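J.: For reference, this is run29.cif, and it has mmCIF, C-alpha atoms and all ligand atoms.
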data_structure
#
loop_
_atom_site.group_PDB
_atom_site.id
_atom_site.type_symbol
_atom_site.label_atom_id
_atom_site.label_comp_id
_atom_site.auth_asym_id
_atom_site.auth_seq_id
_atom_site.Cartn_x
_atom_site.Cartn_y
_atom_site.Cartn_z
ATOM 1 C CA MET D 10 0.000 0.000 0.000
ATOM 2 C CA ALA D 11 1.411 3.433 -0.880
ATOM 3 C CA GLU D 12 2.327 5.584 2.062
ATOM 4 C CA GLY D 13 -0.204 8.173 3.077
ATOM 5 C CA GLN D 14 -2.937 6.307 1.300
ATOM 6 C CA ALA D 15 -5.500 4.749 3.578
ATOM 7 C CA TYR D 16 -6.844 2.133 1.178
ATOM 8 C CA SER D 17 -5.179 0.016 -1.453
ATOM 9 C CA LYS D 18 -6.316 0.248 -5.080
ATOM 10 C CA LYS D 19 -7.875 -3.187 -4.770
ATOM 11 C CA VAL D 20 -9.924 -2.168 -1.738
ATOM 12 C CA MET D 21 -11.172 0.909 -3.587
ATOM 13 C CA ASP D 22 -11.963 -1.170 -6.670
ATOM 14 C CA HIS D 23 -13.978 -3.756 -4.720
ATOM 15 C CA PHE D 24 -15.717 -0.986 -2.802
ATOM 16 C CA MET D 25 -16.666 0.961 -5.938
ATOM 17 C CA ASN D 26 -17.472 -2.131 -8.051
ATOM 18 C CA PRO D 27 -18.450 -4.893 -5.654
ATOM 19 C CA ARG D 28 -18.514 -8.392 -7.169
ATOM 20 C CA ASN D 29 -21.317 -10.847 -6.453
ATOM 21 C CA MET D 30 -23.527 -8.414 -4.608
ATOM 22 C CA GLY D 31 -27.088 -9.608 -4.121
ATOM 23 C CA GLU D 32 -28.997 -12.684 -3.077
ATOM 24 C CA ILE D 33 -29.232 -16.334 -4.093
ATOM 25 C CA GLU D 34 -32.708 -17.785 -4.219
ATOM 26 C CA ASN D 35 -33.010 -21.042 -2.288
ATOM 27 C CA PRO D 36 -29.383 -20.962 -1.152
ATOM 28 C CA SER D 37 -27.616 -24.093 0.100
ATOM 29 C CA GLY D 38 -26.539 -22.072 3.082
ATOM 30 C CA VAL D 39 -26.914 -18.547 4.392
ATOM 31 C CA GLY D 40 -25.090 -16.810 7.205
ATOM 32 C CA THR D 41 -25.575 -13.430 8.843
ATOM 33 C CA VAL D 42 -23.113 -11.872 11.244
ATOM 34 C CA GLY D 43 -23.018 -8.436 12.787
ATOM 35 C CA ASN D 44 -20.715 -6.327 14.852
ATOM 36 C CA ALA D 45 -22.679 -4.520 17.550
ATOM 37 C CA LYS D 46 -19.895 -1.995 18.077
ATOM 38 C CA CYS D 47 -20.091 -0.403 14.637
ATOM 39 C CA GLY D 48 -23.585 -1.713 13.813
ATOM 40 C CA ASP D 49 -22.494 -3.310 10.558
ATOM 41 C CA ILE D 50 -24.143 -6.496 9.286
ATOM 42 C CA MET D 51 -23.082 -8.914 6.578
ATOM 43 C CA ARG D 52 -25.017 -11.747 4.957
ATOM 44 C CA ILE D 53 -23.484 -14.434 2.754
ATOM 45 C CA TYR D 54 -25.424 -16.797 0.484
ATOM 46 C CA LEU D 55 -23.870 -20.010 -0.833
ATOM 47 C CA ASP D 56 -24.936 -22.252 -3.687
ATOM 48 C CA ILE D 57 -23.199 -25.618 -3.234
ATOM 49 C CA ASP D 58 -23.353 -28.556 -5.651
ATOM 50 C CA ASP D 59 -23.557 -32.294 -4.894
ATOM 51 C CA ASN D 60 -19.768 -32.568 -4.749
ATOM 52 C CA GLN D 61 -19.653 -29.937 -2.013
ATOM 53 C CA VAL D 62 -18.154 -27.373 -4.375
ATOM 54 C CA ILE D 63 -19.278 -23.768 -4.017
ATOM 55 C CA ARG D 64 -20.927 -22.928 -7.314
ATOM 56 C CA ASP D 65 -21.937 -19.420 -6.434
ATOM 57 C CA CYS D 66 -21.683 -16.980 -3.569
ATOM 58 C CA LYS D 67 -23.394 -13.642 -3.091
ATOM 59 C CA PHE D 68 -23.369 -11.089 -0.329
ATOM 60 C CA LYS D 69 -25.350 -8.272 1.151
ATOM 61 C CA THR D 70 -23.549 -5.916 3.456
ATOM 62 C CA PHE D 71 -25.008 -3.148 5.494
ATOM 63 C CA GLY D 72 -21.753 -1.622 6.518
ATOM 64 C CA CYS D 73 -18.648 0.407 5.899
ATOM 65 C CA GLY D 74 -16.602 0.501 2.713
ATOM 66 C CA ALA D 75 -14.025 -1.942 4.030
ATOM 67 C CA ALA D 76 -16.795 -4.402 4.891
ATOM 68 C CA VAL D 77 -18.180 -4.113 1.352
ATOM 69 C CA ALA D 78 -14.720 -4.612 -0.170
ATOM 70 C CA THR D 79 -13.907 -7.604 2.038
ATOM 71 C CA SER D 80 -17.247 -9.289 1.343
ATOM 72 C CA SER D 81 -16.759 -8.748 -2.364
ATOM 73 C CA MET D 82 -13.258 -10.243 -2.301
ATOM 74 C CA ALA D 83 -14.364 -13.094 -0.015
ATOM 75 C CA THR D 84 -17.088 -14.162 -2.462
ATOM 76 C CA GLU D 85 -14.532 -14.277 -5.279
ATOM 77 C CA LEU D 86 -12.174 -16.362 -3.169
ATOM 78 C CA VAL D 87 -14.709 -19.022 -2.154
ATOM 79 C CA ILE D 88 -16.371 -19.578 -5.546
ATOM 80 C CA GLY D 89 -15.034 -22.815 -7.054
ATOM 81 C CA LYS D 90 -13.677 -24.099 -3.753
ATOM 82 C CA THR D 91 -14.955 -27.089 -1.814
ATOM 83 C CA VAL D 92 -16.647 -26.367 1.488
ATOM 84 C CA GLN D 93 -13.544 -27.697 3.232
ATOM 85 C CA GLU D 94 -11.210 -25.447 1.221
ATOM 86 C CA ALA D 95 -13.459 -22.465 1.896
ATOM 87 C CA LEU D 96 -12.371 -22.616 5.524
ATOM 88 C CA ASN D 97 -8.973 -21.365 4.388
ATOM 89 C CA VAL D 98 -10.561 -18.118 3.254
ATOM 90 C CA THR D 99 -9.746 -16.439 6.536
ATOM 91 C CA ASN D 100 -9.908 -12.725 7.177
ATOM 92 C CA LYS D 101 -6.131 -12.702 6.762
ATOM 93 C CA ALA D 102 -6.396 -14.321 3.343
ATOM 94 C CA VAL D 103 -9.032 -11.803 2.306
ATOM 95 C CA MET D 104 -6.905 -8.902 3.542
ATOM 96 C CA GLU D 105 -3.866 -10.199 1.697
ATOM 97 C CA ALA D 106 -5.883 -10.533 -1.492
ATOM 98 C CA LEU D 107 -6.889 -6.884 -1.060
ATOM 99 C CA ASP D 108 -3.281 -5.753 -0.475
ATOM 100 C CA GLY D 109 -4.017 -4.942 3.142
ATOM 101 C CA LEU D 110 -6.407 -2.883 5.229
ATOM 102 C CA PRO D 111 -5.684 -0.053 7.659
ATOM 103 C CA PRO D 112 -5.387 -1.438 11.232
ATOM 104 C CA VAL D 113 -8.652 0.154 12.398
ATOM 105 C CA LYS D 114 -10.447 -1.692 9.611
ATOM 106 C CA VAL D 115 -9.146 -5.181 10.289
ATOM 107 C CA HIS D 116 -12.282 -6.064 12.240
ATOM 108 C CA CYS D 117 -14.342 -5.443 9.108
ATOM 109 C CA SER D 118 -12.634 -8.364 7.382
ATOM 110 C CA LEU D 119 -13.566 -10.592 10.322
ATOM 111 C CA LEU D 120 -17.200 -10.099 9.387
ATOM 112 C CA ALA D 121 -16.487 -11.692 6.002
ATOM 113 C CA GLU D 122 -14.776 -14.732 7.511
ATOM 114 C CA GLU D 123 -17.464 -15.195 10.130
ATOM 115 C CA SER D 124 -20.373 -14.871 7.740
ATOM 116 C CA ILE D 125 -18.861 -17.426 5.360
ATOM 117 C CA HIS D 126 -18.462 -19.760 8.322
ATOM 118 C CA ALA D 127 -22.045 -19.107 9.384
ATOM 119 C CA ALA D 128 -23.290 -19.923 5.858
ATOM 120 C CA LEU D 129 -21.183 -23.107 5.772
ATOM 121 C CA TRP D 130 -22.546 -24.054 9.173
ATOM 122 C CA ASP D 131 -26.092 -23.577 7.908
ATOM 123 C CA TYR D 132 -25.341 -25.771 4.876
ATOM 124 C CA ALA D 133 -23.729 -28.485 7.018
ATOM 125 C CA LYS D 134 -26.661 -28.502 9.426
ATOM 126 C CA LYS D 135 -29.241 -28.726 6.645
ATOM 127 C CA ASN D 136 -27.394 -31.606 4.997
ATOM 128 C CA ASN D 137 -26.307 -33.400 8.111
ATOM 129 C CA ILE D 138 -22.633 -33.275 7.257
ATOM 130 C CA VAL D 139 -19.579 -32.336 9.259
ATOM 131 C CA ILE D 140 -17.077 -29.811 7.924
ATOM 132 C CA GLU D 141 -13.921 -30.543 9.816
ATOM 133 C CA GLY D 142 -12.600 -27.559 11.744
ATOM 134 C CA LEU D 143 -15.786 -25.521 11.372
ATOM 135 C CA GLU D 144 -17.057 -24.051 14.603
ATOM 136 C CA ALA D 145 -20.529 -22.853 15.486
ATOM 137 C CA PRO D 146 -20.926 -19.288 14.242
ATOM 138 C CA ARG D 147 -21.048 -16.230 16.427
ATOM 139 C CA VAL D 148 -23.843 -13.836 15.790
ATOM 140 C CA ASP D 149 -21.929 -10.835 17.049
ATOM 141 C CA ILE D 150 -18.169 -10.685 16.606
ATOM 142 C CA HIS D 151 -17.862 -7.732 18.948
ATOM 143 C CA GLU D 152 -17.990 -10.132 21.912
ATOM 144 C CA GLU D 153 -14.845 -11.797 20.683
ATOM 145 C CA GLU D 154 -12.998 -8.521 20.231
ATOM 146 C CA ARG D 155 -13.729 -7.522 23.783
ATOM 147 C CA GLN D 156 -12.133 -10.671 25.099
ATOM 148 C CA GLU D 157 -8.905 -10.135 23.208
HETATM 149 FE FE1 LIG J 201 -17.853 -2.054 11.069
HETATM 150 FE FE2 LIG J 201 -16.254 -1.807 9.104
HETATM 151 S S1 LIG J 201 -16.643 -0.329 10.602
HETATM 152 S S2 LIG J 201 -17.460 -3.476 9.581
#
Please express the file's structure as structure tokens.
T.:
Amino acid sequence: MAEGQAYSKKVMDHFMNPRNMGEIENPSGVGTVGNAKCGDIMRIYLDIDDNQVIRDCKFKTFGCGAAVATSSMATELVIGKTVQEALNVTNKAVMEALDGLPPVKVHCSLLAEESIHAALWDYAKKNNIVIEGLEAPRVDIHEEERQE
């Protein structure tokens, strides 16, 4: 990231032209996570095929620019991956793909990771499968931040 510039070009691009924004009808899984501190909310929809590959992913974010950019990038990163591989799309991976975020905006990328996990959890529950390493989603990530 260039010095003196708060957001990378990629963040600005995904903020101005978000990819995969919207809804999926009859999704395989849907997850909604909020952060009570800033009031932002993110929802992720997943369309998963019979081989547990993510065919499509869409998002709706009621939140700041960094949250929009991270959701947009996160959807791009999970499409085409198996549900197991999608667990590797952590907030760190999303931030790296965006060439970084300012420190005060790191929590925004956590919303993306958590809402993907929540959508995967929903899918796993509906289909009675276990995704190894996936933990029950938190509805509000602010709780976690406070404990840090
Ligand atoms: Fe809340 Fe960015 S300020 S998600």
J.: Compare D:Gln61, D:Gln93, D:Asn136, D:Asn44 by their minimum atom-to-atom distance to ligand LIG 201 (chain J), counting all atoms listed in the file, and give me the closest one.
T.: D:Asn44
J.: Could you list, as a ChimeraX atom specification, all the residues within 7 Å of ligand LIG 201 (chain J), counting all atoms listed in the file?
T.: /D:44,47-49,72-76,114,116-117,120
J.: For the point (-14.1, -27.5, 12.6) in file coordinates, what residues are within 10 Å, counting all atoms listed in the file? Give the answer as a list in words?
T.: Gln93, Leu96, His126, Trp130, Val139, Ile140, Glu141, Gly142, Leu143, Glu144 and Ala145 of chain D
J.: Using all atoms listed in the file for the distances, tell me which of D:Ile138, D:Pro27, D:Tyr16, D:Ser80 is nearest to Pro112 in chain D.
T.: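 Smallest separation from Pro112 in chain D among the options: D:Tyr16.
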J.: Listed atoms of range 79-97 of chain D, axis-aligned box, 5 Å per side: centre and edge lengths to one decimal in Å, as AutoDock Vina command-line options?
T.:
--center_x -13.1 --center_y -17.7 --center_z -0.8 --size_x 18.3 --size_y 30.1 --size_z 22.6
J.: Which residue gives the smallest distance to Gly40 in chain D among D:Lys18, D:Lys135, D:Arg52, D:Arg28, with only C-alpha atoms counted?
T.: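 Among the listed residues, the smallest separation from Gly40 in chain D belongs to D:Arg52.
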J.: For Lys134 in chain D, which residue out of D:Ala45, D:Asp22, D:Gly38, D:Ile53 is the nearest one, using only C-alpha atoms?
T.: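 With only C-alpha atoms as the atom set, the closest residue is D:Gly38.
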J.: Between D:Asn60, D:Val113, D:Arg147, D:Phe68, which one has atoms that come closest to Ser81 in chain D, using all atoms listed in the file?
T.: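 Checking each of D:Asn60, D:Val113, D:Arg147, D:Phe68 against Ser81 in chain D, counting all atoms listed in the file, the winner is D:Phe68.
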J.: What is the CA of Lys69 in chain D-CA of Asp56 in chain D distance in Å, reported with one decimal?
T.: 14.8 Å
J.: Considering all atoms listed in the file, return as a short mmCIF file (atom, residue, chain, number, x, y, z; two decimals) with C-alpha atoms, in the coordinates of the input whatever protein or nucleic-acid residues lie within 8 Å of Ser37 in chain D, sequence-local ones (same chain, fewer than 3 positions apart) excluded.
T.:
data_model
loop_
_atom_site.label_atom_id
_atom_site.label_comp_id
_atom_site.auth_asym_id
_atom_site.auth_seq_id
_atom_site.Cartn_x
_atom_site.Cartn_y
_atom_site.Cartn_z
CA TYR D 54 -25.42 -16.80 0.48
CA LEU D 55 -23.87 -20.01 -0.83
CA ASP D 56 -24.94 -22.25 -3.69
CA ILE D 57 -23.20 -25.62 -3.23
CA ASP D 131 -26.09 -23.58 7.91
CA TYR D 132 -25.34 -25.77 4.88
#
J.: Could you work out how far CA of Asn97 in chain D lies from CA of Lys19 in chain D, giving the answer in Å with one decimal?
T.: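 That distance, rounded to one decimal, is 20.4 Å.
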J.: Ranking D:Glu94, D:Met30, D:His23, D:Thr70 by minimum distance to Gly43 in chain D and counting only C-alpha atoms, which one comes first?
T.: D:Thr70
J.: How many Å lie between CA of Leu107 in chain D and CA of Ile125 in chain D, rounded to one decimal?
T.: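 Rounded to one decimal, the two atoms are 17.2 Å apart.
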J.: Would you kindly return, as an NGL selection string, each protein, DNA or RNA residue with an atom no farther than 10 Å from any atom of Met104 in chain D, considering all atoms listed in the file and excluding same-chain residues fewer than 3 positions away?
T.: :D and (20 or 75 or 78-79 or 82-83 or 98-101 or 107-111 or 115 or 117-119)
J.: Could you turn the residues from that selection into a file that holds C-alpha atoms, as a PDB file, in the frame of the given file?
T.:
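See result-v1.pdb below for the written result:
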ATOM      1  CA  VAL D  20      -9.924  -2.168  -1.738  1.00  0.00           C
ATOM      2  CA  ALA D  75     -14.025  -1.942   4.030  1.00  0.00           C
ATOM      3  CA  ALA D  78     -14.720  -4.612  -0.170  1.00  0.00           C
ATOM      4  CA  THR D  79     -13.907  -7.604   2.038  1.00  0.00           C
ATOM      5  CA  MET D  82     -13.258 -10.243  -2.301  1.00  0.00           C
ATOM      6  CA  ALA D  83     -14.364 -13.094  -0.015  1.00  0.00           C
ATOM      7  CA  VAL D  98     -10.561 -18.118   3.254  1.00  0.00           C
ATOM      8  CA  THR D  99      -9.746 -16.439   6.536  1.00  0.00           C
ATOM      9  CA  ASN D 100      -9.908 -12.725   7.177  1.00  0.00           C
ATOM     10  CA  LYS D 101      -6.131 -12.702   6.762  1.00  0.00           C
ATOM     11  CA  LEU D 107      -6.889  -6.884  -1.060  1.00  0.00           C
ATOM     12  CA  ASP D 108      -3.281  -5.753  -0.475  1.00  0.00           C
ATOM     13  CA  GLY D 109      -4.017  -4.942   3.142  1.00  0.00           C
ATOM     14  CA  LEU D 110      -6.407  -2.883   5.229  1.00  0.00           C
ATOM     15  CA  PRO D 111      -5.684  -0.053   7.659  1.00  0.00           C
ATOM     16  CA  VAL D 115      -9.146  -5.181  10.289  1.00  0.00           C
ATOM     17  CA  CYS D 117     -14.342  -5.443   9.108  1.00  0.00           C
ATOM     18  CA  SER D 118     -12.634  -8.364   7.382  1.00  0.00           C
ATOM     19  CA  LEU D 119     -13.566 -10.592  10.322  1.00  0.00           C
TER      20      LEU D 119
END
J.: What's the 9 Å shell around Val148 in chain D, counting all atoms listed in the file, without same-chain residues fewer than 4 positions away, as number ranges by chain?
T.: D: 41-44, 123-124, 127
